[in-house]
>>> print(open('start.cif').read())   # mmCIF, C-alpha atoms
data_entry
loop_
_atom_site.label_atom_id
_atom_site.label_comp_id
_atom_site.auth_asym_id
_atom_site.auth_seq_id
_atom_site.Cartn_x
_atom_site.Cartn_y
_atom_site.Cartn_z
CA MET A 17 0.00 0.00 0.00
CA LYS A 18 1.54 3.28 -1.15
CA THR A 19 2.05 5.90 1.59
CA GLU A 20 5.21 7.78 0.56
CA LEU A 21 5.94 9.11 -2.93
CA PRO A 22 9.15 10.68 -4.26
CA ASP A 23 7.58 13.72 -5.96
CA VAL A 24 4.59 14.85 -3.93
CA GLN A 25 3.92 17.95 -6.02
CA ALA A 26 3.75 15.96 -9.28
CA TYR A 27 1.56 13.34 -7.61
CA MET A 28 -0.89 15.96 -6.31
CA ARG A 29 -1.09 17.67 -9.70
CA GLN A 30 -1.80 14.28 -11.29
CA ILE A 31 -4.64 13.72 -8.81
CA GLY A 32 -5.97 17.22 -9.43
CA ALA A 33 -5.97 16.82 -13.21
CA ALA A 34 -7.75 13.46 -12.95
CA ALA A 35 -10.34 14.97 -10.60
CA ARG A 36 -10.98 17.89 -12.94
CA LYS A 37 -11.59 15.54 -15.87
CA ALA A 38 -13.81 13.22 -13.80
CA GLY A 39 -15.72 16.19 -12.39
CA ARG A 40 -16.85 17.27 -15.84
CA GLN A 41 -18.23 13.78 -16.48
CA LEU A 42 -19.89 13.53 -13.08
CA ALA A 43 -21.51 16.96 -13.48
CA ARG A 44 -23.56 15.69 -16.43
CA ALA A 45 -24.46 12.33 -14.85
CA HIS A 46 -28.13 11.51 -14.30
CA ALA A 47 -29.42 11.21 -10.75
CA ALA A 48 -30.16 7.52 -11.36
CA ALA A 49 -26.51 6.76 -12.12
CA LYS A 50 -25.28 8.67 -9.07
CA ASN A 51 -27.79 6.88 -6.86
CA GLN A 52 -26.76 3.53 -8.33
CA ALA A 53 -23.13 4.27 -7.45
CA LEU A 54 -24.07 5.13 -3.86
CA LEU A 55 -26.23 2.02 -3.42
CA ALA A 56 -23.50 -0.19 -4.86
CA THR A 57 -20.98 1.36 -2.48
CA ALA A 58 -23.31 0.76 0.48
CA ALA A 59 -23.65 -2.90 -0.53
CA ALA A 60 -19.86 -3.21 -0.89
CA ILE A 61 -19.31 -1.72 2.57
CA ARG A 62 -21.60 -4.31 4.13
CA ARG A 63 -20.03 -7.12 2.08
CA GLU A 64 -16.47 -6.13 2.96
CA ALA A 65 -17.07 -5.29 6.64
CA GLN A 66 -14.45 -7.75 7.85
CA ALA A 67 -11.86 -6.56 5.32
CA LEU A 68 -12.51 -2.97 6.43
CA GLN A 69 -11.97 -3.95 10.05
CA ARG A 70 -8.70 -5.71 9.16
CA ALA A 71 -7.42 -2.54 7.49
CA ASN A 72 -8.69 -0.50 10.43
CA ALA A 73 -6.84 -2.79 12.85
CA LEU A 74 -3.55 -1.66 11.30
CA ASP A 75 -4.45 1.97 11.97
CA LEU A 76 -5.59 1.19 15.52
CA ALA A 77 -2.34 -0.63 16.27
CA ASN A 78 -0.29 2.29 14.93
CA ALA A 79 -2.33 4.78 16.96
CA GLN A 80 -1.90 2.80 20.16
CA ALA A 81 1.82 2.36 19.52
CA ALA A 82 2.10 6.12 19.05
CA GLY A 83 0.52 6.67 22.48
CA GLN A 84 -2.76 8.18 21.30
CA ASP A 85 -5.40 8.48 24.03
CA ALA A 86 -8.51 6.34 24.31
CA ALA A 87 -10.82 9.02 22.85
CA PHE A 88 -8.61 9.33 19.75
CA VAL A 89 -8.54 5.56 19.26
CA ASP A 90 -12.31 5.39 19.72
CA ARG A 91 -12.87 7.98 16.95
CA LEU A 92 -10.64 5.92 14.68
CA ARG A 93 -12.31 2.55 15.30
CA LEU A 94 -14.59 1.00 12.65
CA THR A 95 -17.05 -0.99 14.74
CA ASP A 96 -19.90 -3.02 13.25
CA LYS A 97 -22.22 -0.15 14.19
CA VAL A 98 -20.04 2.48 12.48
CA ILE A 99 -19.75 0.37 9.32
CA GLU A 100 -23.53 -0.12 9.17
CA SER A 101 -24.09 3.60 9.77
CA MET A 102 -21.83 4.42 6.81
CA ALA A 103 -23.89 2.18 4.54
CA GLU A 104 -27.14 3.62 5.88
CA GLY A 105 -25.80 7.14 5.42
CA LEU A 106 -25.27 6.52 1.71
CA GLU A 107 -28.81 5.16 1.41
CA GLN A 108 -30.14 8.29 3.11
CA ILE A 109 -28.27 10.45 0.58
CA VAL A 110 -29.87 8.43 -2.24
CA ALA A 111 -33.30 9.37 -0.84
CA LEU A 112 -32.51 13.10 -1.06
CA PRO A 113 -33.55 15.09 -4.15
CA ASP A 114 -30.75 15.77 -6.62
CA PRO A 115 -30.12 19.54 -6.64
CA VAL A 116 -28.12 19.55 -9.89
CA GLY A 117 -29.99 21.08 -12.82
CA GLU A 118 -32.77 22.51 -10.66
CA MET A 119 -34.03 25.78 -12.15
CA SER A 120 -35.59 28.59 -10.15
CA GLU A 121 -36.68 32.23 -10.35
CA LEU A 122 -37.70 31.91 -14.01
CA ARG A 123 -39.36 35.10 -15.27
CA PHE A 124 -40.03 36.81 -18.58
CA ARG A 125 -38.42 40.13 -19.40
CA PRO A 126 -39.92 42.86 -21.62
CA SER A 127 -37.60 41.72 -24.42
CA GLY A 128 -39.34 38.33 -24.50
CA ILE A 129 -36.43 36.36 -23.07
CA GLN A 130 -37.00 34.18 -20.02
CA VAL A 131 -34.31 34.50 -17.34
CA GLY A 132 -33.65 32.22 -14.35
CA LYS A 133 -31.03 30.31 -12.40
CA MET A 134 -29.80 26.72 -12.62
CA ARG A 135 -28.07 24.86 -9.78
CA VAL A 136 -24.71 23.35 -10.77
CA PRO A 137 -21.85 21.50 -9.01
CA LEU A 138 -18.91 23.46 -7.62
CA GLY A 139 -16.51 21.22 -9.56
CA VAL A 140 -13.66 19.69 -7.54
CA VAL A 141 -13.89 19.70 -3.75
CA GLY A 142 -10.81 19.03 -1.62
CA ILE A 143 -11.62 17.74 1.87
CA ILE A 144 -8.96 17.62 4.58
CA TYR A 145 -9.90 15.82 7.78
CA GLU A 146 -8.61 13.95 10.81
CA SER A 147 -9.18 10.66 12.61
CA ARG A 148 -12.66 9.55 11.63
CA PRO A 149 -12.67 7.17 8.61
CA ASN A 150 -16.47 7.51 8.31
CA VAL A 151 -15.89 11.06 7.00
CA THR A 152 -14.46 9.40 3.87
CA ILE A 153 -17.86 7.87 3.11
CA ASP A 154 -19.97 10.86 4.21
CA ALA A 155 -17.93 13.31 2.13
CA ALA A 156 -17.71 11.07 -0.92
CA GLY A 157 -21.44 10.34 -0.85
CA LEU A 158 -22.44 14.00 -0.65
CA CYS A 159 -19.99 14.99 -3.38
CA ILE A 160 -21.11 12.24 -5.75
CA LYS A 161 -24.80 13.12 -5.29
CA SER A 162 -24.10 16.84 -5.84
CA GLY A 163 -22.06 16.09 -8.99
CA ASN A 164 -18.68 17.11 -7.57
CA ALA A 165 -15.41 15.26 -7.92
CA THR A 166 -13.59 15.11 -4.60
CA ILE A 167 -10.03 14.72 -3.36
CA LEU A 168 -9.96 13.33 0.17
CA ARG A 169 -6.93 13.82 2.39
CA GLY A 170 -7.53 12.04 5.68
CA GLY A 171 -5.12 11.96 8.58
CA SER A 172 -2.12 9.65 8.40
CA GLU A 173 -3.51 7.80 11.43
CA ALA A 174 -6.38 6.44 9.26
CA VAL A 175 -4.51 5.81 6.00
CA HIS A 176 -5.24 2.06 5.75
CA SER A 177 -8.92 2.48 6.59
CA ASN A 178 -9.38 5.37 4.17
CA GLN A 179 -7.72 3.60 1.28
CA ALA A 180 -9.83 0.48 1.85
CA LEU A 181 -12.96 2.62 1.81
CA ALA A 182 -11.80 4.45 -1.32
CA GLN A 183 -11.54 1.16 -3.19
CA LEU A 184 -15.18 0.40 -2.37
CA ILE A 185 -16.32 3.85 -3.44
CA GLN A 186 -14.50 3.49 -6.74
CA GLU A 187 -16.05 0.05 -7.20
CA GLY A 188 -19.47 1.65 -6.78
CA LEU A 189 -18.66 4.39 -9.31
CA ARG A 190 -17.46 1.86 -11.90
CA SER A 191 -20.59 -0.26 -11.46
CA ALA A 192 -22.71 2.78 -12.37
CA GLY A 193 -20.56 3.69 -15.39
CA LEU A 194 -19.15 6.77 -13.67
CA PRO A 195 -15.45 7.76 -13.62
CA PHE A 196 -13.67 6.18 -10.64
CA ASP A 197 -11.40 9.22 -10.40
CA ALA A 198 -14.42 11.22 -9.23
CA VAL A 199 -13.39 10.18 -5.70
CA GLN A 200 -9.70 9.93 -4.87
CA VAL A 201 -8.04 9.43 -1.49
CA VAL A 202 -4.55 10.91 -1.26
CA GLU A 203 -2.23 7.97 -0.68
CA THR A 204 0.83 9.75 0.59
CA THR A 205 1.15 10.58 4.30
CA ASP A 206 3.60 13.37 3.48
CA ARG A 207 2.18 16.56 5.03
CA ALA A 208 3.42 18.53 2.02
CA ALA A 209 0.50 17.04 0.10
CA VAL A 210 -1.89 19.32 1.99
CA GLY A 211 0.09 22.41 1.01
CA HIS A 212 -0.05 21.44 -2.66
CA LEU A 213 -3.76 20.61 -2.52
CA ILE A 214 -4.82 23.92 -0.96
CA ALA A 215 -2.76 25.88 -3.49
CA ASP A 216 -3.95 24.06 -6.64
CA THR A 217 -6.24 26.73 -8.05
CA GLU A 218 -6.02 25.14 -11.51
CA HIS A 219 -7.73 21.91 -10.49
CA VAL A 220 -9.50 22.49 -7.16
CA ASP A 221 -12.51 24.79 -6.69
CA VAL A 222 -13.05 24.70 -2.93
CA ILE A 223 -11.39 23.27 0.19
CA ILE A 224 -13.34 22.02 3.22
CA PRO A 225 -11.30 21.31 6.38
CA ARG A 226 -12.84 18.98 8.98
CA GLY A 227 -10.85 18.82 12.18
CA GLY A 228 -9.51 20.79 15.10
CA LYS A 229 -8.89 24.51 15.26
CA SER A 230 -5.16 24.19 14.48
CA LEU A 231 -5.86 22.32 11.22
CA THR A 232 -8.61 24.71 10.14
CA SER A 233 -6.55 27.80 11.03
CA ARG A 234 -3.64 26.54 8.97
CA ILE A 235 -5.84 25.80 5.98
CA ALA A 236 -7.62 29.16 6.19
CA SER A 237 -4.37 31.14 6.42
CA GLU A 238 -2.37 29.25 3.77
CA ALA A 239 -4.95 28.23 1.15
CA LYS A 240 -5.10 29.88 -2.26
CA VAL A 241 -8.25 27.89 -3.07
CA PRO A 242 -11.48 29.24 -1.46
CA VAL A 243 -12.23 27.60 1.91
CA ILE A 244 -15.57 26.66 3.51
CA LYS A 245 -14.91 26.41 7.24
CA HIS A 246 -15.54 27.32 10.83
CA LEU A 247 -12.84 27.73 13.46
CA ASP A 248 -14.73 27.73 16.78
CA GLY A 249 -18.15 26.89 18.09
CA ILE A 250 -18.48 29.42 20.90
CA CYS A 251 -22.26 29.13 21.12
CA HIS A 252 -24.49 31.20 23.43
CA VAL A 253 -27.92 30.90 24.99
CA TYR A 254 -29.42 34.16 26.27
CA VAL A 255 -32.28 33.92 28.78
CA ASP A 256 -34.30 37.10 28.43
CA ARG A 257 -36.21 38.97 31.15
CA GLU A 258 -39.46 37.73 29.60
CA ALA A 259 -38.44 34.10 29.28
CA ASP A 260 -40.53 31.16 30.41
CA LEU A 261 -38.09 29.90 33.05
CA ASP A 262 -39.30 26.29 32.89
CA LYS A 263 -38.59 26.38 29.16
CA ALA A 264 -35.24 28.07 29.80
CA VAL A 265 -34.14 25.33 32.22
CA VAL A 266 -34.93 22.57 29.74
CA VAL A 267 -33.27 24.30 26.76
CA ALA A 268 -30.14 25.47 28.61
CA ASP A 269 -29.65 22.02 30.13
CA ASN A 270 -29.92 20.30 26.75
CA ALA A 271 -27.75 22.88 24.97
CA LYS A 272 -24.87 22.13 27.34
CA THR A 273 -25.21 18.56 28.54
CA GLN A 274 -26.80 16.55 25.71
CA ARG A 275 -23.24 16.14 24.36
CA TYR A 276 -20.15 18.08 25.34
CA SER A 277 -17.87 17.66 22.33
CA PRO A 278 -19.87 18.93 19.29
CA CYS A 279 -19.30 22.41 17.93
CA ASN A 280 -22.96 23.35 18.45
CA THR A 281 -22.88 22.81 22.23
CA MET A 282 -23.50 25.93 24.35
CA GLU A 283 -20.31 27.29 25.89
CA THR A 284 -21.66 30.52 27.46
CA LEU A 285 -24.98 31.14 29.20
CA LEU A 286 -26.15 34.75 29.35
CA VAL A 287 -28.92 35.59 31.82
CA HIS A 288 -30.93 38.79 32.27
CA GLU A 289 -30.25 40.30 35.68
CA GLN A 290 -33.94 40.35 36.60
CA VAL A 291 -34.38 36.56 36.28
CA ALA A 292 -30.91 35.39 37.35
CA ALA A 293 -31.79 34.85 41.04
CA ALA A 294 -34.74 32.66 40.10
CA LEU A 295 -33.08 30.75 37.26
CA LEU A 296 -29.45 30.12 38.19
CA PRO A 297 -29.99 28.02 41.34
CA ARG A 298 -32.31 25.71 39.38
CA LEU A 299 -29.92 25.33 36.47
CA GLY A 300 -26.87 25.27 38.74
CA ARG A 301 -28.15 22.21 40.59
CA ILE A 302 -28.66 20.38 37.27
CA TYR A 303 -25.17 21.27 36.06
CA ALA A 304 -23.57 20.37 39.39
CA ASP A 305 -25.32 16.98 39.45
CA LYS A 306 -24.01 16.30 35.93
CA GLY A 307 -20.44 17.31 36.80
CA VAL A 308 -20.37 20.55 34.83
CA GLU A 309 -17.85 23.08 36.14
CA MET A 310 -19.45 26.54 36.27
CA ARG A 311 -17.32 29.64 35.71
CA GLY A 312 -19.19 32.85 36.35
CA CYS A 313 -19.06 36.61 36.64
CA ALA A 314 -19.10 38.13 40.15
CA ALA A 315 -22.91 38.40 40.21
CA THR A 316 -23.25 34.78 39.07
CA LEU A 317 -20.85 33.57 41.77
CA ALA A 318 -22.84 35.37 44.48
CA ILE A 319 -26.11 33.69 43.44
CA LEU A 320 -24.65 30.21 42.99
CA ARG A 321 -22.64 30.26 46.21
CA GLN A 322 -25.63 31.53 48.19
CA ALA A 323 -27.48 28.48 46.87
CA GLY A 324 -24.61 26.26 48.04
CA LEU A 325 -23.45 25.45 44.51
CA PRO A 326 -19.81 25.23 43.39
CA ALA A 327 -18.52 27.85 40.95
CA VAL A 328 -15.26 29.59 40.11
CA ALA A 329 -14.57 33.07 38.78
CA ALA A 330 -14.60 33.40 34.99
CA THR A 331 -11.73 35.20 33.28
CA ASP A 332 -11.92 37.22 30.10
CA GLU A 333 -10.37 34.24 28.35
CA ASP A 334 -13.31 32.04 29.38
CA TRP A 335 -15.77 34.12 27.37
CA ALA A 336 -13.69 33.44 24.23
CA THR A 337 -13.12 29.72 24.84
CA GLU A 338 -14.71 26.72 23.14
CA TYR A 339 -14.43 24.13 25.91
CA LEU A 340 -15.82 21.02 24.18
CA ALA A 341 -16.00 19.70 27.74
CA PRO A 342 -18.26 19.81 30.84
CA ILE A 343 -17.35 23.44 31.57
CA LEU A 344 -19.73 26.37 31.21
CA SER A 345 -19.24 30.14 31.39
CA ILE A 346 -22.16 32.09 32.89
CA ARG A 347 -22.65 35.85 32.74
CA ILE A 348 -25.45 38.03 34.06
CA VAL A 349 -26.26 40.92 31.70
CA GLU A 350 -28.39 44.04 31.88
CA GLY A 351 -30.59 43.15 28.95
CA LEU A 352 -30.92 42.21 25.29
CA ASP A 353 -28.46 44.81 24.00
CA ALA A 354 -25.80 43.76 26.51
CA ALA A 355 -26.30 40.11 25.54
CA MET A 356 -25.93 40.88 21.84
CA ASP A 357 -22.86 43.04 22.53
CA HIS A 358 -21.28 40.12 24.41
CA ILE A 359 -22.02 37.74 21.53
CA ALA A 360 -20.63 40.20 18.99
CA ARG A 361 -17.40 40.54 20.97
CA TYR A 362 -16.76 36.94 21.99
CA GLY A 363 -18.83 34.75 19.67
CA SER A 364 -17.57 32.73 16.71
CA GLN A 365 -20.62 33.32 14.45
CA HIS A 366 -21.67 29.70 14.81
CA THR A 367 -24.97 29.31 16.73
CA GLU A 368 -26.84 31.47 19.26
CA ALA A 369 -30.27 31.13 20.91
CA ILE A 370 -32.62 33.42 22.81
CA ILE A 371 -35.18 32.17 25.31
CA THR A 372 -38.03 34.68 25.47
CA GLU A 373 -41.78 35.11 25.17
CA ASN A 374 -41.33 38.67 23.88
CA HIS A 375 -41.83 38.64 20.11
CA SER A 376 -40.06 41.95 19.43
CA HIS A 377 -37.02 40.83 21.48
CA ALA A 378 -36.95 37.54 19.61
CA MET A 379 -37.10 39.22 16.22
CA ARG A 380 -34.40 41.74 17.14
CA PHE A 381 -32.18 38.83 18.18
CA LEU A 382 -32.83 37.06 14.85
CA ARG A 383 -32.07 40.18 12.80
CA GLU A 384 -29.10 41.56 14.71
CA VAL A 385 -27.09 38.54 15.87
CA ASP A 386 -24.57 37.81 13.11
CA SER A 387 -24.18 34.04 13.30
CA SER A 388 -24.75 31.21 10.85
CA SER A 389 -27.65 29.84 12.94
CA VAL A 390 -29.85 31.95 15.24
CA MET A 391 -32.65 30.36 17.24
CA ILE A 392 -35.67 31.28 19.34
CA ASN A 393 -36.62 29.02 22.27
CA ALA A 394 -34.62 26.04 20.99
CA SER A 395 -31.38 24.29 21.89
CA THR A 396 -28.22 25.16 19.96
CA ARG A 397 -27.74 21.42 19.49
CA PHE A 398 -30.23 21.61 16.59
CA ALA A 399 -27.59 23.34 14.42
CA ASP A 400 -26.98 20.23 12.35
CA GLY A 401 -27.59 19.18 8.76
CA PHE A 402 -29.74 16.20 9.67
CA GLU A 403 -31.87 18.24 12.10
CA TYR A 404 -32.31 20.96 9.45
CA GLY A 405 -33.65 18.44 6.96
CA LEU A 406 -30.55 18.41 4.77
CA GLY A 407 -30.20 14.65 5.24
CA ALA A 408 -26.50 14.97 5.92
CA GLU A 409 -23.83 17.63 6.11
CA ILE A 410 -20.24 17.93 5.01
CA GLY A 411 -19.51 20.45 7.75
CA ILE A 412 -20.57 23.74 9.33
CA SER A 413 -19.65 27.03 7.68
CA THR A 414 -19.37 30.41 9.38
CA ASN A 415 -18.39 32.03 6.09
CA LYS A 416 -20.37 35.06 4.93
CA LEU A 417 -20.10 34.14 1.24
CA HIS A 418 -21.57 31.06 -0.45
CA ALA A 419 -22.58 28.40 2.11
CA ARG A 420 -23.37 29.36 5.71
CA GLY A 421 -24.35 27.04 8.56
CA PRO A 422 -24.69 23.27 7.94
CA VAL A 423 -23.45 22.49 4.42
CA GLY A 424 -25.45 19.81 2.63
CA LEU A 425 -26.07 19.00 -1.02
CA GLU A 426 -27.25 22.50 -1.90
CA GLY A 427 -24.18 24.00 -0.22
CA LEU A 428 -22.01 21.89 -2.52
CA THR A 429 -23.56 23.54 -5.55
CA SER A 430 -23.63 27.02 -7.02
CA GLN A 431 -26.00 28.75 -9.42
CA LYS A 432 -25.58 30.09 -12.92
CA TRP A 433 -27.90 32.31 -14.90
CA VAL A 434 -29.81 30.69 -17.76
CA VAL A 435 -31.67 32.47 -20.55
CA PHE A 436 -34.37 31.06 -22.86
CA GLY A 437 -35.03 32.95 -26.06
CA ASN A 438 -36.64 32.59 -29.46
CA GLY A 439 -34.39 34.70 -31.66
CA GLN A 440 -34.49 37.89 -29.56
CA VAL A 441 -31.71 40.44 -30.06
CA ARG A 442 -30.85 43.44 -27.94
CA THR A 443 -31.67 46.85 -29.44
#
>>> encode(input="start.cif", output="structure tokens")
Amino acid sequence: MKTELPDVQAYMRQIGAAARKAGRQLARAHAAAKNQALLATAAAIRREAQALQRANALDLANAQAAGQDAAFVDRLRLTDKVIESMAEGLEQIVALPDPVGEMSELRFRPSGIQVGKMRVPLGVVGIIYESRPNVTIDAAGLCIKSGNATILRGGSEAVHSNQALAQLIQEGLRSAGLPFDAVQVVETTDRAAVGHLIADTEHVDVIIPRGGKSLTSRIASEAKVPVIKHLDGICHVYVDREADLDKAVVVADNAKTQRYSPCNTMETLLVHEQVAAALLPRLGRIYADKGVEMRGCAATLAILRQAGLPAVAATDEDWATEYLAPILSIRIVEGLDAAMDHIARYGSQHTEAIITENHSHAMRFLREVDSSSVMINASTRFADGFEYGLGAEIGISTNKLHARGPVGLEGLTSQKWVVFGNGQVRT
């Protein structure tokens, strides 16, 4: 199995050229052919489950020998459940409508021409990710369905698993008469491959990093190819003066404790000063029972400690930290404007929620908070492609241009203008 190559730059250009050629063929493929490829890949994954686990065992052994922690090894492991979920994920993508070729906003102009927009693939998508081999299948499936060729560069820790999965994807493409080069996994573990991929403006149309902040920061700062990304998920829930406190307790509990590691988990709770004394002891007991460390402003500490609940003083750094852990920052604010000012200063433009029964406050929050997802009376944990009805997502984007929020099939396409005429000329 090839992992090191003498001329990485030439190898990456070869991959890019093959992807560009395959992308043009995939862009004109019928939905039936793309769905056939995905279903054939799902069948191959189930058929080759044991072979996938043998390849995965090599990666697991290398990770353990390198001293990786249990959480890292767990993310890397291809269990029976993970393998079945990959196959089911492809079948779910098959059930989604094909966005390619969809026309919208058609209207006649005074000249007699009809003008509208058609949805088209982006072209070649480069995806750079870490640890989880299932990303190989998720990303490939979404790209195939949206008519994009893709170049997948997984972490070196999953090289055997990713290459085994790539063979099954390419088998599925061939069975449907589609170019197998439409999905390619970079075989070299040389880190220079990433630098070449993110600079290949001739062959690659967009880069999507999936991984930790250090990986995404590097890609965003060094890439010459446009990047769809988010760096942090510093998500907020603001409990307004006119909130239903029973509702606030349920939502704020779920937003923090349903899972600690996702990027859409609440990291800072903002509470209106007029409801803090009634709300914080109730929430604080829930968090304390679940082992959540509470870090608060001075006013928060006074309320929690009076209620006999443990808390430590928050620093300015806490407000700007994505914990991804059972730690929560809590701040009492004077009102809606103060809450939105805090979010504007410390937030990461990912996901924010307001808990309120005041319609005008809710609508101001929706209009003025500049994040990719903004919610009223709902947990931030809903910021997810599946929960939004996209079927699946390739990542979350906090970009202002092109895709924003969960990126599904539509986010992997663009639009071009189309004109229908009958011999009209401009005078």
>>> resolve_selection(input="start.cif", expression="the PyMOL selection byres ((chain A and resi 281) around 6)", output="number ranges by chain")
A: 271-272, 278-280, 282, 397
>>> closest_residue(input="start.cif", among="A:Glu409, A:Asp216, A:Glu350, A:Asp400", to="Gly157 in chain A", atoms="only C-alpha atoms")
A:Glu409
>>> atom_distance(input="start.cif", atom1="CA of Gly227 in chain A", atom2="CA of His418 in chain A")
20.6 Å
>>> resolve_selection(input="start.cif", expression="the PyMOL selection byres ((chain A and resi 76) around 10)", output="VMD selection string")
chain A and resid 69 to 75 77 to 82 84 88 to 90 92 to 94 173 to 174 176 to 177
>>> resolve_selection(input="start.cif", expression="the PyMOL selection byres ((chain A and resi 318-327) around 12)", output="PyMOL selection string")
chain A and resi 289+291-305+307-317+328-330+343-348
>>> atom_distance(input="start.cif", atom1="CA of Gln440 in chain A", atom2="CA of Lys133 in chain A")
19.1 Å
>>> atom_distance(input="start.cif", atom1="CA of Glu373 in chain A", atom2="CA of Leu286 in chain A")
16.2 Å
>>> residues_near_point(input="start.cif", point="(-11.8, 2.6, 4.6)", cutoff="8 Å", atoms="only C-alpha atoms", output="ChimeraX atom specification")
/A:68,71-72,149-150,152,176-183
>>> closest_residue(input="start.cif", among="A:Tyr27, A:Tyr145, A:Tyr362, A:Phe196", to="Asp248 in chain A", atoms="only C-alpha atoms")
A:Tyr362
>>> decode(input="start.cif", residues="range 236-292 of chain A", atoms="C-alpha atoms", output="compact mmCIF listing (two decimals), in the first residue's frame")
# COMPACT_ATOMS: atom_id res chain seq x y z
CA ALA A 236 -7.62 29.16 6.19
CA SER A 237 -4.37 31.14 6.42
CA GLU A 238 -2.37 29.25 3.77
CA ALA A 239 -4.95 28.23 1.15
CA LYS A 240 -5.10 29.88 -2.26
CA VAL A 241 -8.25 27.89 -3.07
CA PRO A 242 -11.48 29.24 -1.46
CA VAL A 243 -12.23 27.60 1.91
CA ILE A 244 -15.57 26.66 3.51
CA LYS A 245 -14.91 26.41 7.24
CA HIS A 246 -15.54 27.32 10.83
CA LEU A 247 -12.84 27.73 13.46
CA ASP A 248 -14.73 27.73 16.78
CA GLY A 249 -18.15 26.89 18.09
CA ILE A 250 -18.48 29.42 20.90
CA CYS A 251 -22.26 29.13 21.12
CA HIS A 252 -24.49 31.20 23.43
CA VAL A 253 -27.92 30.90 24.99
CA TYR A 254 -29.42 34.16 26.27
CA VAL A 255 -32.28 33.92 28.78
CA ASP A 256 -34.30 37.10 28.43
CA ARG A 257 -36.21 38.97 31.15
CA GLU A 258 -39.46 37.73 29.60
CA ALA A 259 -38.44 34.10 29.28
CA ASP A 260 -40.53 31.16 30.41
CA LEU A 261 -38.09 29.90 33.05
CA ASP A 262 -39.30 26.29 32.89
CA LYS A 263 -38.59 26.38 29.16
CA ALA A 264 -35.24 28.07 29.80
CA VAL A 265 -34.14 25.33 32.22
CA VAL A 266 -34.93 22.57 29.74
CA VAL A 267 -33.27 24.30 26.76
CA ALA A 268 -30.14 25.47 28.61
CA ASP A 269 -29.65 22.02 30.13
CA ASN A 270 -29.92 20.30 26.75
CA ALA A 271 -27.75 22.88 24.97
CA LYS A 272 -24.87 22.13 27.34
CA THR A 273 -25.21 18.56 28.54
CA GLN A 274 -26.80 16.55 25.71
CA ARG A 275 -23.24 16.14 24.36
CA TYR A 276 -20.15 18.08 25.34
CA SER A 277 -17.87 17.66 22.33
CA PRO A 278 -19.87 18.93 19.29
CA CYS A 279 -19.30 22.41 17.93
CA ASN A 280 -22.96 23.35 18.45
CA THR A 281 -22.88 22.81 22.23
CA MET A 282 -23.50 25.93 24.35
CA GLU A 283 -20.31 27.29 25.89
CA THR A 284 -21.66 30.52 27.46
CA LEU A 285 -24.98 31.14 29.20
CA LEU A 286 -26.15 34.75 29.35
CA VAL A 287 -28.92 35.59 31.82
CA HIS A 288 -30.93 38.79 32.27
CA GLU A 289 -30.25 40.30 35.68
CA GLN A 290 -33.94 40.35 36.60
CA VAL A 291 -34.38 36.56 36.28
CA ALA A 292 -30.91 35.39 37.35
